[in-house]
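Novice: Got upload18.cif for you, mmCIF, C-alpha atoms; chains and numbers go by the auth columns:
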data_structure
#
loop_
_atom_site.group_PDB
_atom_site.id
_atom_site.type_symbol
_atom_site.label_atom_id
_atom_site.label_comp_id
_atom_site.label_asym_id
_atom_site.label_seq_id
_atom_site.Cartn_x
_atom_site.Cartn_y
_atom_site.Cartn_z
_atom_site.B_iso_or_equiv
_atom_site.auth_seq_id
_atom_site.auth_asym_id
ATOM 1 C CA MET A 1 -43.804 -44.852 -89.017 0.00 1 A
ATOM 2 C CA ASN A 2 -44.677 -42.193 -86.436 0.00 2 A
ATOM 3 C CA THR A 3 -42.306 -42.446 -83.464 0.00 3 A
ATOM 4 C CA SER A 4 -43.327 -39.186 -81.764 0.00 4 A
ATOM 5 C CA LEU A 5 -44.518 -39.363 -78.170 0.00 5 A
ATOM 6 C CA SER A 6 -48.095 -38.586 -77.236 0.00 6 A
ATOM 7 C CA PRO A 7 -48.660 -35.233 -75.499 0.00 7 A
ATOM 8 C CA ALA A 8 -49.378 -36.984 -72.190 0.00 8 A
ATOM 9 C CA VAL A 9 -46.196 -39.066 -72.308 0.00 9 A
ATOM 10 C CA SER A 10 -44.152 -36.084 -73.442 0.00 10 A
ATOM 11 C CA SER A 11 -45.512 -33.995 -70.560 0.00 11 A
ATOM 12 C CA LYS A 12 -44.661 -36.708 -68.023 0.00 12 A
ATOM 13 C CA LEU A 13 -41.154 -36.999 -69.464 0.00 13 A
ATOM 14 C CA GLU A 14 -40.600 -33.249 -69.174 0.00 14 A
ATOM 15 C CA ASN A 15 -41.837 -33.327 -65.587 0.00 15 A
ATOM 16 C CA VAL A 16 -39.375 -36.102 -64.747 0.00 16 A
ATOM 17 C CA LYS A 17 -36.556 -34.063 -66.287 0.00 17 A
ATOM 18 C CA ARG A 18 -37.645 -30.946 -64.392 0.00 18 A
ATOM 19 C CA ILE A 19 -37.874 -32.707 -61.041 0.00 19 A
ATOM 20 C CA GLY A 20 -34.569 -34.480 -61.632 0.00 20 A
ATOM 21 C CA THR A 21 -32.888 -31.173 -62.456 0.00 21 A
ATOM 22 C CA GLY A 22 -34.330 -29.537 -59.348 0.00 22 A
ATOM 23 C CA LEU A 23 -33.123 -32.422 -57.194 0.00 23 A
ATOM 24 C CA ALA A 24 -29.629 -32.051 -58.666 0.00 24 A
ATOM 25 C CA PHE A 25 -29.442 -28.497 -57.279 0.00 25 A
ATOM 26 C CA ILE A 26 -30.370 -29.827 -53.838 0.00 26 A
ATOM 27 C CA LEU A 27 -28.470 -33.118 -53.699 0.00 27 A
ATOM 28 C CA PHE A 28 -25.143 -31.795 -55.032 0.00 28 A
ATOM 29 C CA PRO A 29 -24.408 -29.427 -52.116 0.00 29 A
ATOM 30 C CA VAL A 30 -25.807 -31.929 -49.583 0.00 30 A
ATOM 31 C CA LEU A 31 -23.435 -34.639 -50.775 0.00 31 A
ATOM 32 C CA PHE A 32 -20.455 -32.277 -50.803 0.00 32 A
ATOM 33 C CA MET A 33 -21.276 -30.990 -47.305 0.00 33 A
ATOM 34 C CA ALA A 34 -21.408 -34.565 -46.037 0.00 34 A
ATOM 35 C CA GLY A 35 -18.220 -35.446 -47.903 0.00 35 A
ATOM 36 C CA PHE A 36 -16.133 -32.622 -46.480 0.00 36 A
ATOM 37 C CA ALA A 37 -17.639 -32.952 -42.986 0.00 37 A
ATOM 38 C CA LEU A 38 -16.277 -36.505 -42.768 0.00 38 A
ATOM 39 C CA HIS A 39 -12.657 -35.384 -43.233 0.00 39 A
ATOM 40 C CA PRO A 40 -10.425 -35.545 -40.136 0.00 40 A
ATOM 41 C CA GLY A 41 -8.840 -32.446 -38.625 0.00 41 A
ATOM 42 C CA LEU A 42 -11.509 -30.011 -39.801 0.00 42 A
ATOM 43 C CA LEU A 43 -10.808 -27.592 -36.952 0.00 43 A
ATOM 44 C CA SER A 44 -7.029 -27.621 -37.446 0.00 44 A
ATOM 45 C CA PRO A 45 -6.575 -26.697 -41.117 0.00 45 A
ATOM 46 C CA HIS A 46 -3.073 -26.776 -42.582 0.00 46 A
ATOM 47 C CA LEU A 47 -1.503 -27.653 -45.907 0.00 47 A
ATOM 48 C CA LEU A 48 -0.477 -31.288 -46.257 0.00 48 A
ATOM 49 C CA SER A 49 2.476 -32.741 -48.141 0.00 49 A
ATOM 50 C CA PRO A 50 1.933 -35.719 -50.482 0.00 50 A
ATOM 51 C CA GLU A 51 3.304 -38.062 -47.796 0.00 51 A
ATOM 52 C CA GLU A 52 0.948 -36.626 -45.193 0.00 52 A
ATOM 53 C CA LEU A 53 -1.966 -37.042 -47.593 0.00 53 A
ATOM 54 C CA VAL A 54 -1.095 -40.698 -48.139 0.00 54 A
ATOM 55 C CA LEU A 55 -0.810 -41.408 -44.415 0.00 55 A
ATOM 56 C CA ARG A 56 -3.995 -39.491 -43.625 0.00 56 A
ATOM 57 C CA ALA A 57 -5.919 -41.641 -46.089 0.00 57 A
ATOM 58 C CA ARG A 58 -4.631 -44.874 -44.539 0.00 58 A
ATOM 59 C CA HIS A 59 -7.482 -46.699 -42.744 0.00 59 A
ATOM 60 C CA ALA A 60 -9.658 -43.565 -42.847 0.00 60 A
ATOM 61 C CA ASP A 61 -12.994 -45.255 -43.497 0.00 61 A
ATOM 62 C CA LEU A 62 -15.168 -42.212 -42.793 0.00 62 A
ATOM 63 C CA MET A 63 -13.087 -39.998 -45.068 0.00 63 A
ATOM 64 C CA GLN A 64 -13.329 -42.580 -47.851 0.00 64 A
ATOM 65 C CA LEU A 65 -17.112 -42.612 -47.399 0.00 65 A
ATOM 66 C CA GLY A 66 -16.986 -38.838 -47.789 0.00 66 A
ATOM 67 C CA HIS A 67 -15.107 -39.281 -51.044 0.00 67 A
ATOM 68 C CA VAL A 68 -17.872 -41.616 -52.244 0.00 68 A
ATOM 69 C CA PHE A 69 -20.376 -38.825 -51.535 0.00 69 A
ATOM 70 C CA ASP A 70 -18.204 -36.344 -53.443 0.00 70 A
ATOM 71 C CA THR A 71 -17.903 -38.686 -56.424 0.00 71 A
ATOM 72 C CA ILE A 72 -21.671 -39.174 -56.593 0.00 72 A
ATOM 73 C CA GLY A 73 -22.111 -35.411 -56.294 0.00 73 A
ATOM 74 C CA THR A 74 -20.130 -34.849 -59.485 0.00 74 A
ATOM 75 C CA ILE A 75 -22.964 -36.502 -61.422 0.00 75 A
ATOM 76 C CA PHE A 76 -25.349 -33.761 -60.321 0.00 76 A
ATOM 77 C CA LEU A 77 -22.784 -31.082 -61.183 0.00 77 A
ATOM 78 C CA ILE A 78 -22.964 -32.189 -64.817 0.00 78 A
ATOM 79 C CA VAL A 79 -26.762 -31.852 -64.705 0.00 79 A
ATOM 80 C CA ILE A 80 -26.371 -28.309 -63.328 0.00 80 A
ATOM 81 C CA ALA A 81 -23.876 -27.343 -66.038 0.00 81 A
ATOM 82 C CA LEU A 82 -26.199 -28.651 -68.770 0.00 82 A
ATOM 83 C CA HIS A 83 -29.158 -26.812 -67.232 0.00 83 A
ATOM 84 C CA PHE A 84 -27.263 -23.511 -67.241 0.00 84 A
ATOM 85 C CA MET A 85 -26.379 -24.104 -70.898 0.00 85 A
ATOM 86 C CA LYS A 86 -30.099 -24.283 -71.760 0.00 86 A
ATOM 87 C CA LEU A 87 -31.240 -21.199 -69.851 0.00 87 A
ATOM 88 C CA ARG A 88 -30.095 -18.815 -72.583 0.00 88 A
ATOM 89 C CA ASP A 89 -30.060 -20.192 -76.124 0.00 89 A
ATOM 90 C CA HIS A 90 -29.280 -17.039 -78.094 0.00 90 A
ATOM 91 C CA GLY A 91 -26.738 -14.228 -78.197 0.00 91 A
ATOM 92 C CA SER A 92 -23.522 -13.954 -76.212 0.00 92 A
ATOM 93 C CA ALA A 93 -25.090 -15.685 -73.199 0.00 93 A
ATOM 94 C CA ALA A 94 -25.560 -18.799 -75.325 0.00 94 A
ATOM 95 C CA TRP A 95 -21.859 -18.813 -76.229 0.00 95 A
ATOM 96 C CA ALA A 96 -20.941 -18.231 -72.601 0.00 96 A
ATOM 97 C CA GLY A 97 -23.171 -21.140 -71.625 0.00 97 A
ATOM 98 C CA LEU A 98 -21.562 -23.431 -74.184 0.00 98 A
ATOM 99 C CA ILE A 99 -17.949 -22.473 -73.471 0.00 99 A
ATOM 100 C CA GLY A 100 -18.418 -22.258 -69.709 0.00 100 A
ATOM 101 C CA GLY A 101 -20.400 -25.481 -69.640 0.00 101 A
ATOM 102 C CA SER A 102 -17.719 -27.320 -71.592 0.00 102 A
ATOM 103 C CA LEU A 103 -15.013 -26.119 -69.202 0.00 103 A
ATOM 104 C CA ALA A 104 -17.161 -26.914 -66.172 0.00 104 A
ATOM 105 C CA ILE A 105 -17.925 -30.442 -67.379 0.00 105 A
ATOM 106 C CA TRP A 106 -14.219 -31.029 -68.066 0.00 106 A
ATOM 107 C CA GLY A 107 -13.514 -29.857 -64.519 0.00 107 A
ATOM 108 C CA VAL A 108 -16.209 -32.176 -63.176 0.00 108 A
ATOM 109 C CA LEU A 109 -14.615 -35.125 -64.978 0.00 109 A
ATOM 110 C CA MET A 110 -11.229 -34.233 -63.505 0.00 110 A
ATOM 111 C CA LEU A 111 -12.780 -33.927 -60.042 0.00 111 A
ATOM 112 C CA ALA A 112 -14.338 -37.376 -60.414 0.00 112 A
ATOM 113 C CA ALA A 113 -10.990 -38.733 -61.636 0.00 113 A
ATOM 114 C CA LEU A 114 -9.229 -37.095 -58.680 0.00 114 A
ATOM 115 C CA LYS A 115 -11.632 -38.677 -56.199 0.00 115 A
ATOM 116 C CA GLY A 116 -11.196 -42.036 -57.890 0.00 116 A
ATOM 117 C CA ALA A 117 -7.437 -41.992 -58.423 0.00 117 A
ATOM 118 C CA LEU A 118 -6.274 -40.364 -55.200 0.00 118 A
ATOM 119 C CA CYS A 119 -9.118 -41.184 -52.841 0.00 119 A
ATOM 120 C CA LEU A 120 -11.203 -44.283 -53.554 0.00 120 A
ATOM 121 C CA THR A 121 -8.113 -46.279 -54.521 0.00 121 A
ATOM 122 C CA MET A 122 -6.875 -45.874 -50.943 0.00 122 A
ATOM 123 C CA SER A 123 -9.808 -47.923 -49.673 0.00 123 A
ATOM 124 C CA ALA A 124 -8.503 -50.836 -51.752 0.00 124 A
ATOM 125 C CA ILE A 125 -4.931 -50.261 -50.572 0.00 125 A
ATOM 126 C CA ASP A 126 -6.197 -50.444 -46.981 0.00 126 A
ATOM 127 C CA THR A 127 -6.513 -54.198 -47.517 0.00 127 A
ATOM 128 C CA VAL A 128 -2.733 -54.425 -48.004 0.00 128 A
ATOM 129 C CA PRO A 129 -0.641 -55.298 -44.898 0.00 129 A
ATOM 130 C CA ASP A 130 1.538 -52.537 -43.448 0.00 130 A
ATOM 131 C CA GLN A 131 4.791 -54.081 -44.655 0.00 131 A
ATOM 132 C CA GLU A 132 3.605 -54.229 -48.269 0.00 132 A
ATOM 133 C CA PHE A 133 2.044 -50.776 -47.906 0.00 133 A
ATOM 134 C CA ALA A 134 5.459 -49.354 -46.973 0.00 134 A
ATOM 135 C CA GLN A 135 6.922 -50.844 -50.146 0.00 135 A
ATOM 136 C CA MET A 136 4.182 -49.142 -52.180 0.00 136 A
ATOM 137 C CA MET A 137 4.949 -45.705 -50.736 0.00 137 A
ATOM 138 C CA PRO A 138 7.175 -44.457 -53.639 0.00 138 A
ATOM 139 C CA GLY A 139 4.412 -45.166 -56.125 0.00 139 A
ATOM 140 C CA LEU A 140 1.760 -43.595 -53.913 0.00 140 A
ATOM 141 C CA LEU A 141 3.889 -40.475 -53.468 0.00 141 A
ATOM 142 C CA ALA A 142 4.229 -40.201 -57.246 0.00 142 A
ATOM 143 C CA MET A 143 0.441 -40.411 -57.541 0.00 143 A
ATOM 144 C CA PHE A 144 -0.288 -37.861 -54.821 0.00 144 A
ATOM 145 C CA SER A 145 2.379 -35.554 -56.276 0.00 145 A
ATOM 146 C CA ARG A 146 0.418 -35.804 -59.549 0.00 146 A
ATOM 147 C CA ASN A 147 3.405 -36.892 -61.587 0.00 147 A
ATOM 148 C CA GLY A 148 3.114 -38.070 -65.184 0.00 148 A
ATOM 149 C CA TRP A 149 -0.303 -37.804 -66.782 0.00 149 A
ATOM 150 C CA MET A 150 -1.749 -37.359 -63.294 0.00 150 A
ATOM 151 C CA ALA A 151 -0.841 -33.707 -63.848 0.00 151 A
ATOM 152 C CA LEU A 152 -4.080 -33.447 -65.832 0.00 152 A
ATOM 153 C CA LEU A 153 -5.874 -33.434 -62.483 0.00 153 A
ATOM 154 C CA TRP A 154 -4.668 -29.848 -61.989 0.00 154 A
ATOM 155 C CA THR A 155 -7.152 -28.843 -64.694 0.00 155 A
ATOM 156 C CA VAL A 156 -9.890 -29.352 -62.106 0.00 156 A
ATOM 157 C CA VAL A 157 -9.570 -25.546 -61.808 0.00 157 A
ATOM 158 C CA PHE A 158 -11.674 -25.392 -64.989 0.00 158 A
ATOM 159 C CA LEU A 159 -14.637 -26.343 -62.777 0.00 159 A
ATOM 160 C CA PRO A 160 -15.128 -22.987 -60.999 0.00 160 A
ATOM 161 C CA ILE A 161 -13.860 -21.033 -64.014 0.00 161 A
ATOM 162 C CA GLY A 162 -16.386 -22.701 -66.308 0.00 162 A
ATOM 163 C CA PHE A 163 -19.294 -22.090 -63.961 0.00 163 A
ATOM 164 C CA ALA A 164 -18.238 -18.459 -63.559 0.00 164 A
ATOM 165 C CA ILE A 165 -18.347 -18.025 -67.353 0.00 165 A
ATOM 166 C CA GLN A 166 -21.839 -19.526 -67.346 0.00 166 A
ATOM 167 C CA VAL A 167 -23.375 -17.899 -64.303 0.00 167 A
ATOM 168 C CA ILE A 168 -22.202 -14.268 -64.571 0.00 168 A
ATOM 169 C CA PRO A 169 -24.101 -13.632 -67.855 0.00 169 A
ATOM 170 C CA LEU A 170 -27.148 -15.423 -66.407 0.00 170 A
ATOM 171 C CA ILE A 171 -27.092 -13.082 -63.407 0.00 171 A
ATOM 172 C CA LYS A 172 -26.823 -10.061 -65.700 0.00 172 A
ATOM 173 C CA ALA A 173 -29.740 -11.335 -67.775 0.00 173 A
ATOM 174 C CA HIS A 174 -31.782 -11.992 -64.609 0.00 174 A
ATOM 175 C CA ALA A 175 -32.110 -15.628 -65.633 0.00 175 A
ATOM 176 C CA ILE A 176 -31.153 -16.585 -62.076 0.00 176 A
ATOM 177 C CA PRO A 177 -31.381 -14.450 -58.912 0.00 177 A
ATOM 178 C CA GLY A 178 -28.167 -12.544 -58.347 0.00 178 A
ATOM 179 C CA TRP A 179 -27.652 -13.514 -54.713 0.00 179 A
ATOM 180 C CA GLN A 180 -28.103 -17.197 -55.523 0.00 180 A
ATOM 181 C CA GLY A 181 -25.629 -17.075 -58.384 0.00 181 A
ATOM 182 C CA ILE A 182 -23.056 -15.161 -56.320 0.00 182 A
ATOM 183 C CA LEU A 183 -23.249 -17.583 -53.387 0.00 183 A
ATOM 184 C CA PHE A 184 -22.890 -20.491 -55.812 0.00 184 A
ATOM 185 C CA LEU A 185 -19.787 -18.992 -57.415 0.00 185 A
ATOM 186 C CA ILE A 186 -18.150 -18.086 -54.099 0.00 186 A
ATOM 187 C CA GLY A 187 -18.778 -21.597 -52.820 0.00 187 A
ATOM 188 C CA MET A 188 -17.500 -23.137 -56.050 0.00 188 A
ATOM 189 C CA PHE A 189 -14.195 -21.256 -55.840 0.00 189 A
ATOM 190 C CA LEU A 190 -13.829 -22.234 -52.176 0.00 190 A
ATOM 191 C CA LEU A 191 -13.934 -25.880 -53.292 0.00 191 A
ATOM 192 C CA ALA A 192 -10.517 -25.312 -54.882 0.00 192 A
ATOM 193 C CA THR A 193 -8.928 -24.983 -51.425 0.00 193 A
ATOM 194 C CA PRO A 194 -5.881 -27.293 -51.083 0.00 194 A
ATOM 195 C CA ASP A 195 -6.144 -30.573 -49.178 0.00 195 A
ATOM 196 C CA GLY A 196 -5.831 -30.158 -45.438 0.00 196 A
ATOM 197 C CA ALA A 197 -8.147 -27.150 -45.229 0.00 197 A
ATOM 198 C CA GLU A 198 -11.434 -28.958 -45.865 0.00 198 A
ATOM 199 C CA ILE A 199 -13.198 -26.646 -43.424 0.00 199 A
ATOM 200 C CA VAL A 200 -12.981 -23.980 -46.141 0.00 200 A
ATOM 201 C CA SER A 201 -14.433 -26.341 -48.747 0.00 201 A
ATOM 202 C CA LEU A 202 -17.171 -27.302 -46.290 0.00 202 A
ATOM 203 C CA SER A 203 -17.994 -23.613 -45.841 0.00 203 A
ATOM 204 C CA GLY A 204 -18.164 -23.266 -49.607 0.00 204 A
ATOM 205 C CA SER A 205 -20.565 -26.196 -49.822 0.00 205 A
ATOM 206 C CA ILE A 206 -22.796 -24.564 -47.217 0.00 206 A
ATOM 207 C CA LEU A 207 -22.838 -21.321 -49.211 0.00 207 A
ATOM 208 C CA MET A 208 -23.777 -23.255 -52.338 0.00 208 A
ATOM 209 C CA ALA A 209 -26.567 -25.015 -50.445 0.00 209 A
ATOM 210 C CA ILE A 210 -27.980 -21.655 -49.342 0.00 210 A
ATOM 211 C CA GLY A 211 -27.877 -20.399 -52.918 0.00 211 A
ATOM 212 C CA LEU A 212 -29.014 -23.538 -54.729 0.00 212 A
ATOM 213 C CA PHE A 213 -31.739 -24.945 -52.476 0.00 213 A
ATOM 214 C CA PRO A 214 -34.301 -22.225 -53.341 0.00 214 A
ATOM 215 C CA TYR A 215 -33.509 -22.575 -57.045 0.00 215 A
ATOM 216 C CA GLY A 216 -33.890 -26.347 -56.891 0.00 216 A
ATOM 217 C CA ILE A 217 -37.200 -26.126 -55.028 0.00 217 A
ATOM 218 C CA GLN A 218 -38.510 -23.542 -57.473 0.00 218 A
ATOM 219 C CA THR A 219 -37.505 -25.754 -60.402 0.00 219 A
ATOM 220 C CA ILE A 220 -39.326 -28.734 -58.906 0.00 220 A
ATOM 221 C CA ARG A 221 -42.484 -26.692 -58.232 0.00 221 A
ATOM 222 C CA SER A 222 -42.581 -25.036 -61.644 0.00 222 A
ATOM 223 C CA ARG A 223 -44.863 -26.394 -64.316 0.00 223 A
ATOM 224 C CA ILE A 224 -44.092 -27.099 -67.985 0.00 224 A
#
Kindly return the structure encoded in the file as structure tokens.
Specialist:
Amino acid sequence: MNTSLSPAVSSKLENVKRIGTGLAFILFPVLFMAGFALHPGLLSPHLLSPEELVLRARHADLMQLGHVFDTIGTIFLIVIALHFMKLRDHGSAAWAGLIGGSLAIWGVLMLAALKGALCLTMSAIDTVPDQEFAQMMPGLLAMFSRNGWMALLWTVVFLPIGFAIQVIPLIKAHAIPGWQGILFLIGMFLLATPDGAEIVSLSGSILMAIGLFPYGIQTIRSRI
């Protein structure tokens, strides 16, 4: 039984994949820009203690909406990592794509877990009365201090490291424009800024938008 797709169907499928990939390069930085822009205290950056992080997240509806945007954005980051893995399928660049992509995807998963565990959960806790919330504080502090297996969330640093391993060889091979790749990497490392200085992460998202928008548009316009 022949299960292969007809040339017309196959071409349409490839076009859908291409357009979807191009949109990922555009939507990811847009969602992250929106997510960080909704954080309070953007113009007064300072490091926050676990207790301050808990209290800041209390009844912060706009910030929680921003975390929803960030969580959705992680989906497109996986698409980007997989795309970079496919750009070079031979030689050392292929190994760099595989290793870097694996690290980047792990970092993406940890970022999604971080947004879910430490951010979106607070929207549910907002439904708890203040007296009960105060009784929950020791547990919340343990979470925001990343105690226990929550310590795995620190491996979110694999996200920029993995993309750096992928992108640097692609720049050297001229598989992506150098200035676009450099802006993407700078922005990606700025995302690792500690909580309380979201203005830096917002700046990084803007840099990534500048670098990724042209690439995404070019991908959408290209033809298979």
Novice: Residues picked by the PyMOL selection byres ((chain A and resi 48-54) around 9) here, as number ranges by chain?
Specialist: A: 46-47, 55-58, 118, 122, 137, 140-145, 194-197
Novice: At what distance in Å, to one decimal, does CA of Pro29 in chain A lie from CA of Ile210 in chain A?
Specialist: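 Distance reported for this atom pair: 9.0 Å.
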Novice: Evaluate the PyMOL selection byres ((chain A and resi 107) around 8) against this structure - the residues, as a JSON list (two decimals) with C-alpha atoms, in the coordinates of the input, please.
Specialist:
[["chain", "number", "residue", "atom", "x", "y", "z"],
["A", 103, "LEU", "CA", -15.01, -26.12, -69.20],
["A", 104, "ALA", "CA", -17.16, -26.91, -66.17],
["A", 105, "ILE", "CA", -17.92, -30.44, -67.38],
["A", 106, "TRP", "CA", -14.22, -31.03, -68.07],
["A", 108, "VAL", "CA", -16.21, -32.18, -63.18],
["A", 109, "LEU", "CA", -14.62, -35.12, -64.98],
["A", 110, "MET", "CA", -11.23, -34.23, -63.50],
["A", 111, "LEU", "CA", -12.78, -33.93, -60.04],
["A", 155, "THR", "CA", -7.15, -28.84, -64.69],
["A", 156, "VAL", "CA", -9.89, -29.35, -62.11],
["A", 157, "VAL", "CA", -9.57, -25.55, -61.81],
["A", 158, "PHE", "CA", -11.67, -25.39, -64.99],
["A", 159, "LEU", "CA", -14.64, -26.34, -62.78],
["A", 160, "PRO", "CA", -15.13, -22.99, -61.00],
["A", 162, "GLY", "CA", -16.39, -22.70, -66.31]]
Novice: By how many Å are CA of Leu202 in chain A and CA of Ala81 in chain A apart?
Specialist: 20.9 Å
Novice: For the atom pair CA of Gly187 in chain A and CA of Leu207 in chain A, what is the interatomic distance in Å to one decimal place?
Specialist: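 Between these atoms lies a distance of 5.4 Å.
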Novice: Have a look at A:Trp95, A:Phe133, A:Gln64, A:Ile176 and name the one nearest to Thr121 in chain A; count only C-alpha atoms.
Specialist: A:Gln64
Novice: Please rebuild range 105-129 of chain A with N, CA and C atoms and return the result as a compact mmCIF listing (two decimals), keeping the file's coordinate frame.
Specialist:
# COMPACT_ATOMS: atom_id res chain seq x y z
N ILE A 105 -17.79 -28.98 -67.29
CA ILE A 105 -17.92 -30.44 -67.38
C ILE A 105 -16.56 -31.11 -67.40
N TRP A 106 -15.59 -30.50 -68.10
CA TRP A 106 -14.22 -31.03 -68.07
C TRP A 106 -13.71 -31.03 -66.62
N GLY A 107 -13.93 -29.93 -65.91
CA GLY A 107 -13.51 -29.86 -64.52
C GLY A 107 -14.20 -30.90 -63.65
N VAL A 108 -15.47 -31.15 -63.92
CA VAL A 108 -16.21 -32.18 -63.18
C VAL A 108 -15.58 -33.55 -63.40
N LEU A 109 -15.25 -33.84 -64.67
CA LEU A 109 -14.62 -35.12 -64.98
C LEU A 109 -13.28 -35.27 -64.26
N MET A 110 -12.51 -34.18 -64.20
CA MET A 110 -11.23 -34.23 -63.50
C MET A 110 -11.43 -34.39 -62.00
N LEU A 111 -12.49 -33.77 -61.47
CA LEU A 111 -12.78 -33.93 -60.04
C LEU A 111 -13.16 -35.38 -59.74
N ALA A 112 -13.97 -35.97 -60.60
CA ALA A 112 -14.34 -37.38 -60.41
C ALA A 112 -13.11 -38.27 -60.52
N ALA A 113 -12.22 -37.95 -61.49
CA ALA A 113 -10.99 -38.73 -61.64
C ALA A 113 -10.10 -38.57 -60.41
N LEU A 114 -10.04 -37.35 -59.87
CA LEU A 114 -9.23 -37.10 -58.68
C LEU A 114 -9.74 -37.92 -57.50
N LYS A 115 -11.06 -37.92 -57.30
CA LYS A 115 -11.63 -38.68 -56.20
C LYS A 115 -11.41 -40.17 -56.39
N GLY A 116 -11.42 -40.62 -57.64
CA GLY A 116 -11.20 -42.04 -57.89
C GLY A 116 -9.74 -42.43 -57.75
N ALA A 117 -8.86 -41.63 -58.38
CA ALA A 117 -7.44 -41.99 -58.42
C ALA A 117 -6.74 -41.80 -57.09
N LEU A 118 -7.01 -40.69 -56.41
CA LEU A 118 -6.27 -40.36 -55.20
C LEU A 118 -7.05 -40.66 -53.92
N CYS A 119 -8.31 -41.01 -54.05
CA CYS A 119 -9.12 -41.18 -52.84
C CYS A 119 -9.69 -42.59 -52.73
N LEU A 120 -10.55 -42.98 -53.66
CA LEU A 120 -11.20 -44.28 -53.55
C LEU A 120 -10.22 -45.43 -53.68
N THR A 121 -9.12 -45.22 -54.41
CA THR A 121 -8.11 -46.28 -54.52
C THR A 121 -7.51 -46.62 -53.16
N MET A 122 -7.47 -45.63 -52.25
CA MET A 122 -6.88 -45.87 -50.94
C MET A 122 -7.70 -46.86 -50.13
N SER A 123 -8.99 -46.95 -50.39
CA SER A 123 -9.81 -47.92 -49.67
C SER A 123 -9.42 -49.35 -50.07
N ALA A 124 -8.99 -49.52 -51.32
CA ALA A 124 -8.50 -50.84 -51.75
C ALA A 124 -7.13 -51.13 -51.16
N ILE A 125 -6.29 -50.09 -51.10
CA ILE A 125 -4.93 -50.26 -50.57
C ILE A 125 -4.97 -50.54 -49.07
N ASP A 126 -6.06 -50.15 -48.40
CA ASP A 126 -6.20 -50.44 -46.98
C ASP A 126 -6.19 -51.94 -46.70
N THR A 127 -6.50 -52.74 -47.71
CA THR A 127 -6.51 -54.20 -47.52
C THR A 127 -5.11 -54.78 -47.56
N VAL A 128 -4.12 -53.97 -47.91
CA VAL A 128 -2.73 -54.42 -48.00
C VAL A 128 -2.07 -54.33 -46.63
N PRO A 129 -1.34 -55.36 -46.19
CA PRO A 129 -0.64 -55.30 -44.90
C PRO A 129 0.36 -54.15 -44.84
